[in-house]
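A short write-up of the structure that comes next.
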Amino acid sequence: MSGRIFLSPPHMSGLERAFIDEAFASNYIAPCGPMVDAFEREFAERVGAASAVALSSGTAAIKLALVCLGVGRGDRVYCPTLTFIASIGPAVHLGATPVFIDVDPGTWTIDPGLLEEKLAGDAAAGRLPKAVVSVDLYGQCCDIERLREICGRHGVPLLSDSAEALGSTFGGLPAGKGAAAAAFSFNGNKIITASGGGMLASDDTALVARARYLSTQARRPAPHYEHAEAGYNDRMSSLVAAAGRGQLRVLDERIAARREIFARYAARLGKIPGITFMPEAPECRANRWLTVLQIDPAESGKTPEGLRLALEEEDIESRPVWKPMHMQPVFAGCEKVGGAVAERIYSRGLCLPSGTAMTPADIDRVCAIIERC
Ligand SMILES: Cc1ncc(COP(=O)(O)O)c(C=O)c1O
C-alpha cells in the first residue's frame with residue numbers, strides 16, 4: 001500500500017524555486033522589497049481588487065482589517081458560527097464581543113435572512129455591530145452583493161474571510177469582491193500555499209494603505225521612526241512572497257484539479273444511500289478547497305467519526321467539519337442566532353483528502369474504504 005494520504009498538503013509547481021532564487025540574489029531576505037511588491041500587485045489583479053497588502057498570515061489580515069474598520073473594546077462583531085476560529089479570534093483579541101449567526105443549509109455560509117432580521121432588531125435597539133465577517137466556507141463564496149446591501153442599510157461594514165476561497169467566484173466576481181476588504185490565507189493546507197502568509201485585498205486603497213502602515217509598527221516616514229500609534233509586526237517575508245508568486249501562476253490548474261477531485265468523489269460515493277455532498281450555490285463556482293460529505297447515520301448506519309477512524313486505520317487523513325463556534329468552550333455563553341443548521345452539518349460532515357497531487361488511484365483508495373464501511 002502506498003504512503004499516507006494527507007487532507008490537503010502543499011503542492012509545489014516547481015515555479016517557486018526561480019522566484020526564491022531571485023529573492024536570495026536580491027538579498028531582500030526581509031519582510032519588504034520588490035518580491036513582496038510584485039506579489040501584492042499580481043494578487044490584487046487576480047482577485048480584482050484595487051490593492052492588496054501581503055501579511056504574515058490570514059489571521060493577521062483579518063485582524064488588521066478589523067482594526068481599520070474601527071473594531072475595538074466593547075464592540076460587537078458578527079460572524080457565521082460554522083467556521084474556523086481565525087474568522088473571529090482577532091475580534092476577540094481586539095476586545096470585541098462575538099455574536100454567532102447560523103448558516104444557510106443551501107450554501108453553508110452565513111444565512112442572509114437571519115442576518116437581516118438580526119440587524120433590523122439591533123438597529124431598533126440601538127446595538128448594531130461594528131462589523132460583520134462573512135466566511136467563504138470550504139471555497140463556497142457568499143453572495144457579497146446581498147450581504148453588503150443588508151449591512152449597508154445599517155452602515156455596518158462587511159469583511160469577507162475568503163481564506164479558503166481563493167479563485168472561487170460568485171456571479172463571475174472573485175471571492176471577496178465587493179466587501180469592504182477580503183482576507184486570504186497561504187497556510188500550508190490552502191489551495192495554494194507559500195508555507196504561510198496572508199493577504200488583505202480591497203478596492204479601498206486607503207484601507208489597504210492603513211493596514212500596510214499598521215503592519216510595519218505604524219512607522220511614520222521619519223529617519224528616527226516617529227510613532228503616533230502602536231502598530232503590529234505582520235508583514236510578509238520576501239521568501240514567502242516568492243513562493244506565493246510561483247503558486248499563484250498555477251492557481252487555475254489547482255482549482256480545476258480540486259473540482260475534478262470533488263467530481264470523482266461525488267460520482268462514486270454519491271451512489272451510497274445516506275451520503276450527500278456540500279452543495280454549490282448556483283451563482284458560485286467554488287474552488288472546492290476541500291470535498292466535504294454529509295452522512296446520514298439513520299440511512300447509512302454510519303457516523304462521520306466511524307468513517308474517519310476507518311480511513312485513519314489505512315493511513316488516510318480526513319477531518320470533521322469545523323465545530324461551530326457557539327459549541328466551542330471558549331465561546332460558551334456568547335450570543336447566537338439559530339445554530340441548528342450548523343450543528344447538523346457538523347454532526348454529519350467529514351472533509352475528505354483533497355490535495356491536488358492526489359492521483360485517481362488515491363481517490364479510489366479513499367472511496368473503496370468508505371464503500372467497505
Ligand atoms: C476560514 C479561515 N479563516 C482564517 C484562516 C486563517 O488563515 P491563516 O492560517 O493564514 O492565519 C483560515 C485558515 O487557516 C481559515 O480556514
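In the C-alpha cells, chains take letters A, B, ... by order of appearance, with residues numbered from 1 within each chain and ligands from 1 in the order shown.
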
Practice problem: Within 6 Å of ligand 1, which residues show up when you count only C-alpha atoms and all ligand atoms? List them as a count of residues only, please. | Solution: 16

Exercise. Name all residues at most 9 Å from A:Ser354 (count only C-alpha atoms; drop same-chain ones fewer than 3 positions away) and give them as a VMD selection string.
Key: chain A and resid 6 to 9 258 261 to 262 288 to 291 351 357 to 358 363

Quiz prompt | Contacts of A:Arg264 within 12 Å, only C-alpha atoms, excl. fewer than 4 positions in-chain, as a list in words | solution =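 After dropping sequence-adjacent residues, the list is Ala257, Arg258, Arg259, Glu260, Arg268, Leu269, Gly270, Lys271, Phe277, Thr291, Leu352, Ser354, Met358, Thr359, Pro360, Ala361, Asp362, Ile363, Asp364, Arg365, Val366 and Cys367 of chain A.
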
Write the residues of the selection above to a file with N, CA and C atoms, as a PDB file, in the first residue's frame.
```
ATOM      1  N   ALA A 257      -8.123  20.998 -10.622  1.00  0.00           N
ATOM      2  CA  ALA A 257      -7.829  19.694 -10.013  1.00  0.00           C
ATOM      3  C   ALA A 257      -8.739  19.434  -8.810  1.00  0.00           C
ATOM      4  N   ARG A 258      -8.952  20.470  -7.976  1.00  0.00           N
ATOM      5  CA  ARG A 258      -9.823  20.268  -6.800  1.00  0.00           C
ATOM      6  C   ARG A 258     -11.257  19.968  -7.242  1.00  0.00           C
ATOM      7  N   ARG A 259     -11.688  20.646  -8.286  1.00  0.00           N
ATOM      8  CA  ARG A 259     -13.053  20.398  -8.766  1.00  0.00           C
ATOM      9  C   ARG A 259     -13.165  18.986  -9.345  1.00  0.00           C
ATOM     10  N   GLU A 260     -12.112  18.544  -9.979  1.00  0.00           N
ATOM     11  CA  GLU A 260     -12.098  17.193 -10.542  1.00  0.00           C
ATOM     12  C   GLU A 260     -12.118  16.149  -9.416  1.00  0.00           C
ATOM     13  N   ARG A 268     -18.759   8.708  -7.390  1.00  0.00           N
ATOM     14  CA  ARG A 268     -18.668   7.344  -6.852  1.00  0.00           C
ATOM     15  C   ARG A 268     -19.408   7.193  -5.523  1.00  0.00           C
ATOM     16  N   LEU A 269     -19.157   8.112  -4.599  1.00  0.00           N
ATOM     17  CA  LEU A 269     -19.735   7.953  -3.253  1.00  0.00           C
ATOM     18  C   LEU A 269     -21.173   8.452  -3.179  1.00  0.00           C
ATOM     19  N   GLY A 270     -21.549   9.319  -4.132  1.00  0.00           N
ATOM     20  CA  GLY A 270     -22.907   9.852  -4.139  1.00  0.00           C
ATOM     21  C   GLY A 270     -23.951   8.768  -4.384  1.00  0.00           C
ATOM     22  N   LYS A 271     -23.484   7.608  -4.841  1.00  0.00           N
ATOM     23  CA  LYS A 271     -24.421   6.493  -5.092  1.00  0.00           C
ATOM     24  C   LYS A 271     -24.783   5.777  -3.788  1.00  0.00           C
ATOM     25  N   PHE A 277     -23.192  15.602  -0.614  1.00  0.00           N
ATOM     26  CA  PHE A 277     -22.013  16.472  -0.585  1.00  0.00           C
ATOM     27  C   PHE A 277     -22.408  17.926  -0.364  1.00  0.00           C
ATOM     28  N   THR A 291     -13.266  18.640  -0.370  1.00  0.00           N
ATOM     29  CA  THR A 291     -14.517  17.940  -0.647  1.00  0.00           C
ATOM     30  C   THR A 291     -15.107  17.538   0.697  1.00  0.00           C
ATOM     31  N   LEU A 352     -12.910  15.191   3.156  1.00  0.00           N
ATOM     32  CA  LEU A 352     -12.097  14.115   2.565  1.00  0.00           C
ATOM     33  C   LEU A 352     -10.774  14.661   2.040  1.00  0.00           C
ATOM     34  N   SER A 354      -8.164  16.081  -0.180  1.00  0.00           N
ATOM     35  CA  SER A 354      -8.459  16.837  -1.399  1.00  0.00           C
ATOM     36  C   SER A 354      -7.209  17.466  -2.007  1.00  0.00           C
ATOM     37  N   MET A 358      -3.077  14.415  -5.456  1.00  0.00           N
ATOM     38  CA  MET A 358      -3.696  13.083  -5.367  1.00  0.00           C
ATOM     39  C   MET A 358      -3.885  12.491  -6.760  1.00  0.00           C
ATOM     40  N   THR A 359      -3.686  11.204  -6.861  1.00  0.00           N
ATOM     41  CA  THR A 359      -3.894  10.532  -8.144  1.00  0.00           C
ATOM     42  C   THR A 359      -5.295   9.904  -8.142  1.00  0.00           C
ATOM     43  N   PRO A 360      -5.806   9.558  -9.314  1.00  0.00           N
ATOM     44  CA  PRO A 360      -7.092   8.843  -9.339  1.00  0.00           C
ATOM     45  C   PRO A 360      -7.044   7.580  -8.473  1.00  0.00           C
ATOM     46  N   ALA A 361      -5.869   6.945  -8.426  1.00  0.00           N
ATOM     47  CA  ALA A 361      -5.748   5.722  -7.601  1.00  0.00           C
ATOM     48  C   ALA A 361      -5.894   6.066  -6.113  1.00  0.00           C
ATOM     49  N   ASP A 362      -5.366   7.213  -5.700  1.00  0.00           N
ATOM     50  CA  ASP A 362      -5.526   7.640  -4.297  1.00  0.00           C
ATOM     51  C   ASP A 362      -7.005   7.835  -3.978  1.00  0.00           C
ATOM     52  N   ILE A 363      -7.706   8.491  -4.911  1.00  0.00           N
ATOM     53  CA  ILE A 363      -9.137   8.755  -4.684  1.00  0.00           C
ATOM     54  C   ILE A 363      -9.896   7.420  -4.615  1.00  0.00           C
ATOM     55  N   ASP A 364      -9.527   6.513  -5.489  1.00  0.00           N
ATOM     56  CA  ASP A 364     -10.169   5.189  -5.473  1.00  0.00           C
ATOM     57  C   ASP A 364      -9.925   4.502  -4.131  1.00  0.00           C
ATOM     58  N   ARG A 365      -8.705   4.684  -3.605  1.00  0.00           N
ATOM     59  CA  ARG A 365      -8.362   4.056  -2.322  1.00  0.00           C
ATOM     60  C   ARG A 365      -9.276   4.589  -1.212  1.00  0.00           C
ATOM     61  N   VAL A 366      -9.475   5.898  -1.204  1.00  0.00           N
ATOM     62  CA  VAL A 366     -10.356   6.510  -0.196  1.00  0.00           C
ATOM     63  C   VAL A 366     -11.787   5.997  -0.385  1.00  0.00           C
ATOM     64  N   CYS A 367     -12.239   6.018  -1.640  1.00  0.00           N
ATOM     65  CA  CYS A 367     -13.633   5.616  -1.923  1.00  0.00           C
ATOM     66  C   CYS A 367     -13.863   4.164  -1.530  1.00  0.00           C
TER      67      CYS A 367
END
```

Practice problem: Write down as a ChimeraX atom specification the residues of stretch 103-333 of chain A whose backbone DSSP state falls under strand (DSSP E or B). | Solution: /A:103,110,131-135,158-161,169-170,173-174,181-185,197-202,216,220,226,233,235,275-277,284-285,291-295,316,319-320

Set the distance at 6 Å and use only C-alpha atoms: which residues neighbour A:Asn233 once local chain neighbours fewer than 2 positions away are removed? I'd like the list as a JSON list (two decimals) with C-alpha atoms, in the first residue's frame.
```
[["chain", "number", "residue", "atom", "x", "y", "z"],
["A", 215, "SER", "CA", 1.57, 46.01, 9.81],
["A", 216, "THR", "CA", 5.00, 47.67, 9.96],
["A", 217, "GLN", "CA", 4.82, 49.03, 13.51]]
```

Give me the residues near stretch 331-336 of chain A as an mmCIF file with C-alpha atoms, in the first residue's frame, where near means some atom within 6 Å (using only C-alpha atoms) and where sequence neighbours in that chain fewer than 2 positions away do not count.
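See around-v1.cif below for the written result:
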```cif
data_model
loop_
_atom_site.group_PDB
_atom_site.id
_atom_site.type_symbol
_atom_site.label_atom_id
_atom_site.label_comp_id
_atom_site.auth_asym_id
_atom_site.auth_seq_id
_atom_site.Cartn_x
_atom_site.Cartn_y
_atom_site.Cartn_z
ATOM 1 C CA VAL A 99 -22.197 37.084 18.038
ATOM 2 C CA PHE A 100 -22.656 33.903 16.019
ATOM 3 C CA ILE A 101 -25.186 33.602 13.208
ATOM 4 C CA HIS A 326 -21.186 28.532 19.509
ATOM 5 C CA GLN A 328 -16.741 25.796 21.444
ATOM 6 C CA PRO A 329 -15.934 26.070 25.174
#
```

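Distances to A:Ala131 were evaluated for A:Ile88, A:Glu117, A:His93, A:Thr109 using only C-alpha atoms, and the minimum falls at A:Ile88.
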
Exercise. Go through A:Gly70, A:Gly95, A:Pro223, A:Gly139 one by one, measure the shortest atom-to-atom distance of each to A:Pro157 using only C-alpha atoms, and give the residue with the smallest value.
Key: A:Gly70

Quiz prompt | All residues 12 Å or closer to A:Leu293, only C-alpha atoms, same chain fewer than 4 positions away omitted, as a PyMOL selection string | solution = chain A and resi 138+262+265-266+269-270+272+274-279+288+303-304+307-308+318-321+345-354+367+370

Practice problem: Please identify which residues in stretch 24-183 of chain A DSSP calls helix (DSSP H, G or I) from the backbone, and express them as a ChimeraX atom specification. | Solution: /A:24-26,34-46,58-68,85-87,89-93,112-125,137-139,144-152

For A:Pro98, list every protein, DNA or RNA residue within 6 Å, evaluated using only C-alpha atoms, and leave out those in the same chain fewer than 6 positions away; present the list as a compact mmCIF listing (two decimals) with C-alpha atoms, in the first residue's frame.
```txt
# COMPACT_ATOMS: atom_id res chain seq x y z
CA ARG A 76 -19.88 43.61 18.74
CA VAL A 77 -18.75 41.63 15.70
CA TYR A 78 -20.95 39.11 13.90
```

Quiz item: atom CA of A:Gly152 to atom CA of A:Val133: how many Å, to one decimal?
Solution: 13.4 Å

Quiz item: Counting only C-alpha atoms, which of A:Ala368, A:Ile192, A:Ala340, A:Ala228 gets nearest to A:Asp104?
Solution: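 Smallest distance to A:Asp104 is found for A:Ala340.
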
Quiz item: Suppose you want the space between atom CA of A:Ala124 and atom CA of A:Thr97; what is it in Å?
Solution: 19.3 Å

Quiz item: Out of A:Ala120, A:Leu166, A:Leu137, A:Ile369, which residue has the shortest atom-to-atom distance to A:Leu311 when counting only C-alpha atoms?
Solution: A:Ile369

Practice problem: Work out how far apart atom CA of A:Ser56 and atom CA of A:Glu16 are and give it in Å to one decimal. | Solution: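 One can read the atom CA of A:Ser56 to atom CA of A:Glu16 distance as 18.0 Å.
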